[in-house]
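For reference, protein_3.cif (mmCIF, C-alpha atoms):
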data_data
#
loop_
_atom_site.label_atom_id
_atom_site.label_comp_id
_atom_site.auth_asym_id
_atom_site.auth_seq_id
_atom_site.Cartn_x
_atom_site.Cartn_y
_atom_site.Cartn_z
CA MET A 1 0.00 0.00 0.00
CA THR A 2 1.29 3.38 -0.79
CA GLU A 3 -0.31 6.43 0.63
CA ARG A 4 -3.55 8.36 0.53
CA LYS A 5 -5.31 6.29 -2.11
CA PRO A 6 -8.72 5.04 -1.04
CA PHE A 7 -8.62 1.47 0.09
CA SER A 8 -11.28 -1.14 -0.28
CA LEU A 9 -11.66 -4.46 1.40
CA SER A 10 -12.21 -7.85 -0.16
CA ILE A 11 -12.72 -11.24 1.49
CA LYS A 12 -11.40 -14.30 -0.31
CA VAL A 13 -12.22 -17.88 0.58
CA VAL A 14 -10.08 -21.01 0.40
CA ILE A 15 -12.77 -23.67 -0.11
CA ARG A 16 -11.54 -27.16 0.84
CA ASP A 17 -13.28 -30.22 -0.54
CA ARG A 18 -13.72 -33.53 1.25
CA VAL A 19 -10.15 -34.61 0.48
CA GLY A 20 -8.65 -31.24 1.40
CA ARG A 21 -8.11 -29.84 -2.10
CA CYS A 22 -8.56 -26.07 -2.59
CA LEU A 23 -10.75 -24.43 -5.22
CA LEU A 24 -9.09 -21.96 -7.60
CA LEU A 25 -10.92 -19.99 -10.29
CA LYS A 26 -9.29 -18.73 -13.48
CA ARG A 27 -10.16 -15.14 -14.30
CA SER A 28 -11.70 -14.52 -17.70
CA LYS A 29 -9.26 -13.46 -20.41
CA HIS A 30 -11.50 -10.38 -20.74
CA SER A 31 -10.99 -9.33 -17.11
CA LYS A 32 -9.57 -5.86 -16.65
CA GLY A 33 -7.27 -6.99 -13.85
CA ASN A 34 -5.13 -10.13 -14.01
CA PRO A 35 -6.82 -11.74 -17.05
CA GLY A 36 -6.24 -15.49 -17.17
CA LYS A 37 -4.73 -15.66 -13.68
CA TRP A 38 -5.94 -17.99 -10.95
CA GLU A 39 -7.53 -16.65 -7.79
CA PHE A 40 -9.72 -17.64 -4.85
CA PRO A 41 -13.50 -17.06 -4.85
CA GLY A 42 -14.94 -14.13 -2.91
CA GLY A 43 -14.94 -10.39 -3.27
CA LYS A 44 -15.98 -7.09 -1.85
CA VAL A 45 -18.58 -7.43 0.86
CA GLU A 46 -20.69 -4.89 2.65
CA THR A 47 -20.34 -4.85 6.43
CA GLY A 48 -23.73 -3.25 6.95
CA GLU A 49 -25.01 -6.81 7.11
CA ASP A 50 -23.34 -9.76 8.85
CA VAL A 51 -20.14 -10.19 6.86
CA GLY A 52 -20.59 -13.94 6.64
CA THR A 53 -23.99 -13.68 4.99
CA GLY A 54 -22.76 -11.39 2.23
CA LEU A 55 -19.70 -13.51 1.67
CA LEU A 56 -21.65 -16.76 1.37
CA ARG A 57 -23.96 -15.15 -1.17
CA GLU A 58 -21.00 -13.86 -3.19
CA VAL A 59 -19.35 -17.29 -3.18
CA THR A 60 -22.56 -19.03 -4.24
CA GLU A 61 -22.96 -16.59 -7.14
CA GLU A 62 -19.40 -17.21 -8.29
CA THR A 63 -19.17 -20.95 -7.76
CA GLY A 64 -22.62 -22.47 -7.26
CA LEU A 65 -21.35 -23.99 -4.01
CA THR A 66 -22.66 -23.91 -0.47
CA ILE A 67 -19.85 -23.60 2.04
CA LEU A 68 -19.22 -23.34 5.76
CA LEU A 69 -16.81 -20.60 6.89
CA GLU A 70 -14.27 -21.97 9.31
CA ARG A 71 -11.36 -19.66 10.17
CA VAL A 72 -9.24 -16.72 9.12
CA VAL A 73 -6.04 -17.97 7.48
CA GLY A 74 -4.32 -14.90 6.10
CA ALA A 75 -4.27 -11.49 4.50
CA ALA A 76 -2.95 -9.93 1.32
CA GLN A 77 -2.95 -6.64 -0.54
CA SER A 78 -2.78 -5.20 -4.02
CA GLU A 79 -2.22 -1.79 -5.47
CA LEU A 80 -4.27 -0.55 -8.41
CA PRO A 81 -3.75 2.77 -10.20
CA THR A 82 -6.55 4.46 -8.27
CA LYS A 83 -6.96 2.41 -5.11
CA LYS A 84 -5.52 -0.19 -2.81
CA VAL A 85 -7.29 -3.42 -1.97
CA ALA A 86 -6.82 -5.23 1.34
CA TYR A 87 -7.76 -8.92 1.36
CA LEU A 88 -8.79 -11.02 4.32
CA ILE A 89 -8.52 -14.73 3.53
CA VAL A 90 -10.86 -17.21 5.22
CA GLU A 91 -10.86 -21.00 5.00
CA ALA A 92 -14.15 -22.78 4.39
CA ARG A 93 -15.40 -26.30 3.99
CA LEU A 94 -17.43 -27.40 0.97
CA GLU A 95 -20.91 -28.39 2.08
CA SER A 96 -22.78 -29.11 -1.14
CA GLY A 97 -23.10 -28.27 -4.81
CA ASP A 98 -21.15 -28.71 -8.03
CA VAL A 99 -19.05 -25.92 -9.43
CA ARG A 100 -20.97 -23.63 -11.80
CA LEU A 101 -18.97 -20.56 -12.86
CA SER A 102 -20.19 -17.02 -13.52
CA SER A 103 -18.97 -15.00 -16.52
CA GLU A 104 -16.12 -13.63 -14.37
CA HIS A 105 -14.23 -16.91 -14.61
CA GLU A 106 -13.53 -19.37 -17.39
CA GLU A 107 -12.12 -22.39 -15.62
CA TYR A 108 -11.77 -23.94 -12.19
CA ALA A 109 -9.42 -26.39 -10.53
CA TRP A 110 -9.30 -28.33 -7.27
CA VAL A 111 -5.67 -28.10 -6.25
CA ALA A 112 -3.75 -29.87 -3.47
CA ARG A 113 -2.78 -27.40 -0.75
CA ALA A 114 0.91 -28.15 -1.28
CA ASP A 115 0.63 -27.26 -5.00
CA LEU A 116 -1.21 -23.93 -4.65
CA ALA A 117 1.87 -21.78 -5.17
CA THR A 118 2.78 -23.61 -8.40
CA MET A 119 -0.34 -22.27 -10.13
CA ASP A 120 -0.22 -19.06 -12.20
CA LEU A 121 -1.89 -17.02 -9.46
CA ALA A 122 -2.88 -13.37 -9.46
CA PRO A 123 0.30 -11.93 -7.93
CA GLN A 124 -1.28 -10.54 -4.77
CA PHE A 125 -2.05 -14.09 -3.59
CA LEU A 126 1.35 -15.63 -4.20
CA PHE A 127 2.92 -14.79 -0.82
CA PHE A 128 -0.12 -16.10 1.04
CA ALA A 129 -0.22 -19.26 -1.11
CA GLN A 130 3.44 -20.00 -0.48
CA GLY A 131 2.95 -19.88 3.29
CA TYR A 132 -0.40 -21.68 3.25
CA ALA A 133 1.01 -24.44 1.00
CA LYS A 134 3.62 -25.11 3.68
CA GLY A 135 0.94 -25.36 6.33
CA GLU A 136 1.40 -21.89 7.78
CA SER A 137 -1.67 -19.86 8.61
CA THR A 138 -2.91 -17.17 10.96
CA MET B 1 -14.00 -19.84 14.04
CA THR B 2 -16.59 -22.42 14.66
CA GLU B 3 -19.60 -22.66 12.49
CA ARG B 4 -22.73 -20.73 11.59
CA LYS B 5 -22.26 -17.88 14.05
CA PRO B 6 -22.47 -14.46 12.43
CA PHE B 7 -19.07 -12.99 11.84
CA SER B 8 -18.07 -9.38 11.97
CA LEU B 9 -15.00 -7.68 10.68
CA SER B 10 -12.64 -5.39 12.53
CA ILE B 11 -9.54 -3.56 11.25
CA LYS B 12 -6.69 -2.99 13.68
CA VAL B 13 -3.74 -0.71 13.12
CA VAL B 14 -0.11 -1.05 14.17
CA ILE B 15 0.90 2.62 14.41
CA ARG B 16 4.68 3.08 14.20
CA ASP B 17 6.26 6.24 15.57
CA ARG B 18 9.35 7.96 14.15
CA VAL B 19 11.70 5.48 15.82
CA GLY B 20 9.61 2.46 14.82
CA ARG B 21 7.89 1.76 18.13
CA CYS B 22 4.31 0.42 18.03
CA LEU B 23 1.35 1.88 19.89
CA LEU B 24 -0.59 -0.40 22.22
CA LEU B 25 -3.69 0.59 24.18
CA LYS B 26 -4.75 -1.01 27.45
CA ARG B 27 -8.44 -1.87 27.58
CA SER B 28 -10.39 -0.38 30.45
CA LYS B 29 -10.83 -2.64 33.47
CA HIS B 30 -14.56 -2.12 32.91
CA SER B 31 -14.47 -3.54 29.37
CA LYS B 32 -16.76 -6.49 28.78
CA GLY B 33 -14.14 -8.30 26.72
CA ASN B 34 -10.50 -8.66 27.73
CA PRO B 35 -10.52 -6.02 30.52
CA GLY B 36 -7.01 -4.72 31.27
CA LYS B 37 -5.45 -6.41 28.24
CA TRP B 38 -3.35 -4.60 25.63
CA GLU B 39 -4.55 -4.27 22.04
CA PHE B 40 -4.02 -2.29 18.87
CA PRO B 41 -6.19 0.73 17.98
CA GLY B 42 -8.98 0.34 15.41
CA GLY B 43 -12.31 -1.40 15.27
CA LYS B 44 -15.32 -2.25 13.25
CA VAL B 45 -15.60 -0.18 10.10
CA GLU B 46 -18.37 0.20 7.59
CA THR B 47 -17.44 -0.60 4.00
CA GLY B 48 -20.22 1.55 2.55
CA GLU B 49 -17.63 4.32 2.59
CA ASP B 50 -13.97 4.03 1.63
CA VAL B 51 -12.58 1.71 4.32
CA GLY B 52 -9.55 3.92 4.91
CA THR B 53 -11.67 6.96 5.72
CA GLY B 54 -13.71 5.16 8.38
CA LEU B 55 -10.62 3.59 9.86
CA LEU B 56 -8.71 6.86 10.15
CA ARG B 57 -11.71 8.43 11.90
CA GLU B 58 -11.95 5.51 14.33
CA VAL B 59 -8.23 5.70 15.13
CA THR B 60 -8.37 9.46 15.68
CA GLU B 61 -11.30 9.04 18.08
CA GLU B 62 -9.44 6.38 20.04
CA THR B 63 -5.97 7.89 20.07
CA GLY B 64 -6.06 11.57 19.05
CA LEU B 65 -3.47 10.74 16.36
CA THR B 66 -3.35 11.38 12.64
CA ILE B 67 -1.84 8.45 10.77
CA LEU B 68 -0.98 7.31 7.27
CA LEU B 69 -2.05 3.76 6.36
CA GLU B 70 0.80 1.88 4.75
CA ARG B 71 0.26 -1.86 4.24
CA VAL B 72 -1.59 -4.96 5.34
CA VAL B 73 0.57 -6.93 7.79
CA GLY B 74 -1.64 -9.72 9.09
CA ALA B 75 -4.93 -11.17 10.21
CA ALA B 76 -6.39 -12.63 13.38
CA GLN B 77 -9.66 -13.96 14.73
CA SER B 78 -11.58 -14.34 17.96
CA GLU B 79 -14.60 -16.27 19.03
CA LEU B 80 -17.24 -14.70 21.28
CA PRO B 81 -20.28 -16.51 22.68
CA THR B 82 -22.57 -15.13 19.98
CA LYS B 83 -20.29 -14.22 17.10
CA LYS B 84 -16.88 -14.52 15.53
CA VAL B 85 -14.69 -11.53 14.77
CA ALA B 86 -12.19 -11.51 11.90
CA TYR B 87 -9.39 -8.94 12.16
CA LEU B 88 -7.39 -7.45 9.34
CA ILE B 89 -4.21 -5.80 10.65
CA VAL B 90 -2.72 -2.80 8.83
CA GLU B 91 0.53 -0.98 9.53
CA ALA B 92 0.48 2.81 9.64
CA ARG B 93 2.91 5.62 10.21
CA LEU B 94 2.32 8.31 12.83
CA GLU B 95 1.87 11.65 11.13
CA SER B 96 0.97 14.03 13.94
CA GLY B 97 -0.71 14.40 17.32
CA ASP B 98 -0.14 13.36 20.91
CA VAL B 99 -1.95 10.37 22.35
CA ARG B 100 -5.30 11.26 23.93
CA LEU B 101 -7.32 8.21 24.99
CA SER B 102 -11.07 7.67 24.91
CA SER B 103 -12.95 6.04 27.80
CA GLU B 104 -12.41 2.63 26.16
CA HIS B 105 -8.76 2.57 27.24
CA GLU B 106 -6.91 3.48 30.41
CA GLU B 107 -3.27 3.47 29.39
CA TYR B 108 -1.03 3.47 26.34
CA ALA B 109 2.51 2.36 25.57
CA TRP B 110 4.94 2.76 22.69
CA VAL B 111 6.57 -0.66 22.48
CA ALA B 112 9.55 -1.85 20.43
CA ARG B 113 8.42 -4.22 17.68
CA ALA B 114 10.60 -7.00 19.09
CA ASP B 115 8.89 -6.67 22.52
CA LEU B 116 5.27 -6.73 21.34
CA ALA B 117 4.65 -10.36 22.25
CA THR B 118 5.95 -9.85 25.80
CA MET B 119 3.01 -7.55 26.62
CA ASP B 120 -0.18 -8.90 28.23
CA LEU B 121 -2.09 -8.79 24.94
CA ALA B 122 -5.70 -9.67 24.26
CA PRO B 123 -5.22 -13.32 23.28
CA GLN B 124 -6.45 -13.01 19.69
CA PHE B 125 -3.44 -10.80 18.86
CA LEU B 126 -0.72 -12.97 20.37
CA PHE B 127 -0.03 -15.17 17.33
CA PHE B 128 0.15 -12.14 15.05
CA ALA B 129 2.40 -10.26 17.52
CA GLN B 130 4.80 -13.18 17.79
CA GLY B 131 5.28 -13.30 14.03
CA TYR B 132 5.37 -9.53 13.58
CA ALA B 133 7.90 -9.15 16.42
CA LYS B 134 10.22 -11.45 14.47
CA GLY B 135 9.83 -9.34 11.35
CA GLU B 136 7.30 -11.58 9.62
CA SER B 137 4.36 -9.99 7.89
CA THR B 138 1.98 -10.50 5.01
#
Show me the file's structure as structure tokens.
Amino acid sequence: MTERKPFSLSIKVVIRDRVGRCLLLKRSKHSKGNPGKWEFPGGKVETGEDVGTGLLREVTEETGLTILLERVVGAAQSELPTKKVAYLIVEARLESGDVRLSSEHEEYAWVARADLATMDLAPQFLFFAQGYAKGEST
Amino acid sequence: MTERKPFSLSIKVVIRDRVGRCLLLKRSKHSKGNPGKWEFPGGKVETGEDVGTGLLREVTEETGLTILLERVVGAAQSELPTKKVAYLIVEARLESGDVRLSSEHEEYAWVARADLATMDLAPQFLFFAQGYAKGEST
């Protein structure tokens, strides 16, 4: 973060399936930011409501999945020309559903935790993924 | 975090002074949660507005200080009987002002980064403080 730009907040979710793999989504090649890069589901949420409720709705829209939020596992940040974005990263368990993508993403992958940092991730998530892949978390 | 409780979001700030010390505030002995424990300034912010604006206002109310937000340095979580709280932790530089506490806190201390984890912190910040004291951050 550099200084005096507005900063917005985004919550990203590491969804683990029944065998512990993590869901990554590939951004559309038409995305303005990081086209074709892999990222975690989630996004900007309003805190006027319970944060969890907004986040679950966002994740269902993006993935078609129902999840259970479990714990905070990290943070990240990115710098855009006009603003900074702070990310809180939460781990969740897959409850039900099959992946159904929105137009924001063009592909998905269930990736072993240890392999997360080998994917072509949006750069703001690389440092987190390296630590998380080694079993480190908040 | 256990499951299906509402979760709220709080942003805490590690304010560094000109020689790099970090500001801690001691919670009032009348506080409902963690009375007498040390914590970082900050609190729940609304995301309807730019997050930075709300956070700076909150910090000024709590400390009397004007600060410059610099970068995300970590995350934490706590579990209360009726809800979970997720914390995003941001580092900031002291710009101006002298500490003036609100009724929420009864004492303050400027603490060397390496000594942060030796303070009697609210327990949800201990893991973060241990890593940050060693120079680790997001």
For this session: Select residues of chain B: the criterion is any atom within 10 Å of an atom of chain A, counting only C-alpha atoms; output as a VMD selection string.
Result: chain B and resid 1 to 10 44 to 53 68 to 78 83 to 92 127 to 128 131 137 to 138
For this session: Taking the file as shown, find all residues satisfying the PyMOL selection byres ((chain B and resi 107) around 8) and write them as a ChimeraX atom specification.
Result: /B:25-27,101,105-106,108-109
Writer output for current selection, C-alpha atoms, as a compact mmCIF listing (two decimals), in the frame of the given file:
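Writing the result to again_7.txt gives the following:
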# COMPACT_ATOMS: atom_id res chain seq x y z
CA LEU B 25 -3.69 0.59 24.18
CA LYS B 26 -4.75 -1.01 27.45
CA ARG B 27 -8.44 -1.87 27.58
CA LEU B 101 -7.32 8.21 24.99
CA HIS B 105 -8.76 2.57 27.24
CA GLU B 106 -6.91 3.48 30.41
CA TYR B 108 -1.03 3.47 26.34
CA ALA B 109 2.51 2.36 25.57
Seminar exercise, completed: A straight line from CA of Ile15 in chain B to CA of Glu39 in chain B spans 11.6 Å
For this session: Convert the output of the PyMOL selection byres ((chain B and resi 102) around 10) on the shown file into explicit residues, formatted as a ChimeraX atom specification.
Result: /B:28,60-64,99-101,103-107
Those selected residues, please, written with C-alpha atoms and delivered as a short mmCIF file (atom, residue, chain, number, x, y, z; two decimals), in the coordinates of the input.
data_model
loop_
_atom_site.label_atom_id
_atom_site.label_comp_id
_atom_site.auth_asym_id
_atom_site.auth_seq_id
_atom_site.Cartn_x
_atom_site.Cartn_y
_atom_site.Cartn_z
CA SER B 28 -10.39 -0.38 30.45
CA THR B 60 -8.37 9.46 15.68
CA GLU B 61 -11.30 9.04 18.08
CA GLU B 62 -9.44 6.38 20.04
CA THR B 63 -5.97 7.89 20.07
CA GLY B 64 -6.06 11.57 19.05
CA VAL B 99 -1.95 10.37 22.35
CA ARG B 100 -5.30 11.26 23.93
CA LEU B 101 -7.32 8.21 24.99
CA SER B 103 -12.95 6.04 27.80
CA GLU B 104 -12.41 2.63 26.16
CA HIS B 105 -8.76 2.57 27.24
CA GLU B 106 -6.91 3.48 30.41
CA GLU B 107 -3.27 3.47 29.39
#
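The interatomic distance for the pair CA of Ser31 in chain A and CA of Arg93 in chain A works out to 27.4 Å.
Each of B:Tyr132, B:Glu58, B:Arg16, B:Pro41 was compared to Leu116 in chain B using only C-alpha atoms, and B:Tyr132 turns out to be the nearest.
Here CA of Gln124 in chain A stands at a distance of 26.0 Å from CA of Leu94 in chain B.
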For this session: Please provide as an MDAnalysis selection string all residues within 8 Å of Ala117 in chain A, with the sequence filter that same-chain residues fewer than 2 positions apart are discarded (counting all atoms listed in the file).
Result: chainID A and resid 114:115 119:121 126 129:130 133
Exercise. Using the chain letters and numbers from the file, which residues does the PyMOL selection byres ((chain B and resi 42) around 7) grab, as a list in words?
Worked result: Ile11, Lys12, Val13, Phe40, Pro41, Gly43, Leu55, Glu58 and Val59 of chain B
Output as a PDB file, in the coordinates of the input: range 58-82 of chain A, completed with N, CA, C and O atoms.
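Listed below is the output, rebuild28.pdb:
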ATOM      1  N   GLU A  58     -21.984 -14.144  -2.137  1.00  0.00           N
ATOM      2  CA  GLU A  58     -21.000 -13.860  -3.190  1.00  0.00           C
ATOM      3  C   GLU A  58     -20.374 -15.164  -3.714  1.00  0.00           C
ATOM      4  O   GLU A  58     -20.241 -15.380  -4.919  1.00  0.00           O
ATOM      5  N   VAL A  59     -19.990 -16.037  -2.788  1.00  0.00           N
ATOM      6  CA  VAL A  59     -19.350 -17.290  -3.180  1.00  0.00           C
ATOM      7  C   VAL A  59     -20.323 -18.179  -3.950  1.00  0.00           C
ATOM      8  O   VAL A  59     -19.959 -18.812  -4.947  1.00  0.00           O
ATOM      9  N   THR A  60     -21.576 -18.220  -3.527  1.00  0.00           N
ATOM     10  CA  THR A  60     -22.560 -19.030  -4.240  1.00  0.00           C
ATOM     11  C   THR A  60     -22.775 -18.492  -5.651  1.00  0.00           C
ATOM     12  O   THR A  60     -22.869 -19.260  -6.613  1.00  0.00           O
ATOM     13  N   GLU A  61     -22.821 -17.171  -5.806  1.00  0.00           N
ATOM     14  CA  GLU A  61     -22.960 -16.590  -7.140  1.00  0.00           C
ATOM     15  C   GLU A  61     -21.791 -16.951  -8.054  1.00  0.00           C
ATOM     16  O   GLU A  61     -21.952 -17.219  -9.232  1.00  0.00           O
ATOM     17  N   GLU A  62     -20.609 -16.966  -7.488  1.00  0.00           N
ATOM     18  CA  GLU A  62     -19.400 -17.210  -8.290  1.00  0.00           C
ATOM     19  C   GLU A  62     -19.150 -18.672  -8.576  1.00  0.00           C
ATOM     20  O   GLU A  62     -18.487 -19.010  -9.559  1.00  0.00           O
ATOM     21  N   THR A  63     -19.579 -19.543  -7.669  1.00  0.00           N
ATOM     22  CA  THR A  63     -19.170 -20.950  -7.760  1.00  0.00           C
ATOM     23  C   THR A  63     -20.323 -21.941  -7.793  1.00  0.00           C
ATOM     24  O   THR A  63     -20.106 -23.110  -8.120  1.00  0.00           O
ATOM     25  N   GLY A  64     -21.514 -21.536  -7.377  1.00  0.00           N
ATOM     26  CA  GLY A  64     -22.620 -22.470  -7.260  1.00  0.00           C
ATOM     27  C   GLY A  64     -22.560 -23.328  -6.010  1.00  0.00           C
ATOM     28  O   GLY A  64     -23.427 -24.181  -5.795  1.00  0.00           O
ATOM     29  N   LEU A  65     -21.553 -23.111  -5.163  1.00  0.00           N
ATOM     30  CA  LEU A  65     -21.350 -23.990  -4.010  1.00  0.00           C
ATOM     31  C   LEU A  65     -21.931 -23.405  -2.725  1.00  0.00           C
ATOM     32  O   LEU A  65     -21.987 -22.192  -2.541  1.00  0.00           O
ATOM     33  N   THR A  66     -22.317 -24.297  -1.831  1.00  0.00           N
ATOM     34  CA  THR A  66     -22.660 -23.910  -0.470  1.00  0.00           C
ATOM     35  C   THR A  66     -21.487 -24.295   0.425  1.00  0.00           C
ATOM     36  O   THR A  66     -20.989 -25.427   0.349  1.00  0.00           O
ATOM     37  N   ILE A  67     -21.044 -23.361   1.226  1.00  0.00           N
ATOM     38  CA  ILE A  67     -19.850 -23.600   2.040  1.00  0.00           C
ATOM     39  C   ILE A  67     -20.112 -23.235   3.491  1.00  0.00           C
ATOM     40  O   ILE A  67     -21.107 -22.586   3.820  1.00  0.00           O
ATOM     41  N   LEU A  68     -19.182 -23.653   4.345  1.00  0.00           N
ATOM     42  CA  LEU A  68     -19.220 -23.340   5.760  1.00  0.00           C
ATOM     43  C   LEU A  68     -17.931 -22.615   6.086  1.00  0.00           C
ATOM     44  O   LEU A  68     -16.842 -23.181   5.917  1.00  0.00           O
ATOM     45  N   LEU A  69     -18.023 -21.362   6.539  1.00  0.00           N
ATOM     46  CA  LEU A  69     -16.810 -20.600   6.890  1.00  0.00           C
ATOM     47  C   LEU A  69     -16.194 -21.184   8.139  1.00  0.00           C
ATOM     48  O   LEU A  69     -16.904 -21.453   9.109  1.00  0.00           O
ATOM     49  N   GLU A  70     -14.899 -21.379   8.145  1.00  0.00           N
ATOM     50  CA  GLU A  70     -14.270 -21.970   9.310  1.00  0.00           C
ATOM     51  C   GLU A  70     -13.326 -21.023  10.067  1.00  0.00           C
ATOM     52  O   GLU A  70     -13.525 -20.795  11.244  1.00  0.00           O
ATOM     53  N   ARG A  71     -12.297 -20.486   9.405  1.00  0.00           N
ATOM     54  CA  ARG A  71     -11.360 -19.660  10.170  1.00  0.00           C
ATOM     55  C   ARG A  71     -10.566 -18.740   9.253  1.00  0.00           C
ATOM     56  O   ARG A  71     -10.377 -19.014   8.074  1.00  0.00           O
ATOM     57  N   VAL A  72     -10.102 -17.659   9.834  1.00  0.00           N
ATOM     58  CA  VAL A  72      -9.240 -16.720   9.120  1.00  0.00           C
ATOM     59  C   VAL A  72      -7.875 -17.378   8.936  1.00  0.00           C
ATOM     60  O   VAL A  72      -7.314 -17.933   9.885  1.00  0.00           O
ATOM     61  N   VAL A  73      -7.344 -17.349   7.712  1.00  0.00           N
ATOM     62  CA  VAL A  73      -6.040 -17.970   7.480  1.00  0.00           C
ATOM     63  C   VAL A  73      -4.989 -17.021   6.912  1.00  0.00           C
ATOM     64  O   VAL A  73      -3.834 -17.411   6.745  1.00  0.00           O
ATOM     65  N   GLY A  74      -5.351 -15.785   6.607  1.00  0.00           N
ATOM     66  CA  GLY A  74      -4.320 -14.900   6.100  1.00  0.00           C
ATOM     67  C   GLY A  74      -4.849 -13.582   5.597  1.00  0.00           C
ATOM     68  O   GLY A  74      -6.036 -13.275   5.728  1.00  0.00           O
ATOM     69  N   ALA A  75      -3.940 -12.797   5.041  1.00  0.00           N
ATOM     70  CA  ALA A  75      -4.270 -11.490   4.500  1.00  0.00           C
ATOM     71  C   ALA A  75      -3.365 -11.227   3.311  1.00  0.00           C
ATOM     72  O   ALA A  75      -2.346 -11.892   3.138  1.00  0.00           O
ATOM     73  N   ALA A  76      -3.749 -10.281   2.487  1.00  0.00           N
ATOM     74  CA  ALA A  76      -2.950  -9.930   1.320  1.00  0.00           C
ATOM     75  C   ALA A  76      -3.334  -8.511   0.908  1.00  0.00           C
ATOM     76  O   ALA A  76      -4.239  -7.906   1.492  1.00  0.00           O
ATOM     77  N   GLN A  77      -2.639  -7.984  -0.079  1.00  0.00           N
ATOM     78  CA  GLN A  77      -2.950  -6.640  -0.540  1.00  0.00           C
ATOM     79  C   GLN A  77      -2.560  -6.480  -1.993  1.00  0.00           C
ATOM     80  O   GLN A  77      -1.706  -7.200  -2.499  1.00  0.00           O
ATOM     81  N   SER A  78      -3.208  -5.534  -2.663  1.00  0.00           N
ATOM     82  CA  SER A  78      -2.780  -5.200  -4.020  1.00  0.00           C
ATOM     83  C   SER A  78      -2.940  -3.713  -4.229  1.00  0.00           C
ATOM     84  O   SER A  78      -3.679  -3.028  -3.510  1.00  0.00           O
ATOM     85  N   GLU A  79      -2.224  -3.230  -5.202  1.00  0.00           N
ATOM     86  CA  GLU A  79      -2.220  -1.790  -5.470  1.00  0.00           C
ATOM     87  C   GLU A  79      -2.671  -1.583  -6.910  1.00  0.00           C
ATOM     88  O   GLU A  79      -2.057  -2.094  -7.850  1.00  0.00           O
ATOM     89  N   LEU A  80      -3.785  -0.881  -7.078  1.00  0.00           N
ATOM     90  CA  LEU A  80      -4.270  -0.550  -8.410  1.00  0.00           C
ATOM     91  C   LEU A  80      -3.951   0.923  -8.673  1.00  0.00           C
ATOM     92  O   LEU A  80      -3.569   1.648  -7.753  1.00  0.00           O
ATOM     93  N   PRO A  81      -4.101   1.364  -9.916  1.00  0.00           N
ATOM     94  CA  PRO A  81      -3.750   2.770 -10.200  1.00  0.00           C
ATOM     95  C   PRO A  81      -4.497   3.758  -9.304  1.00  0.00           C
ATOM     96  O   PRO A  81      -3.928   4.749  -8.868  1.00  0.00           O
ATOM     97  N   THR A  82      -5.771   3.462  -9.008  1.00  0.00           N
ATOM     98  CA  THR A  82      -6.550   4.460  -8.270  1.00  0.00           C
ATOM     99  C   THR A  82      -6.916   4.048  -6.852  1.00  0.00           C
ATOM    100  O   THR A  82      -7.511   4.829  -6.127  1.00  0.00           O
TER     101      THR A  82
END
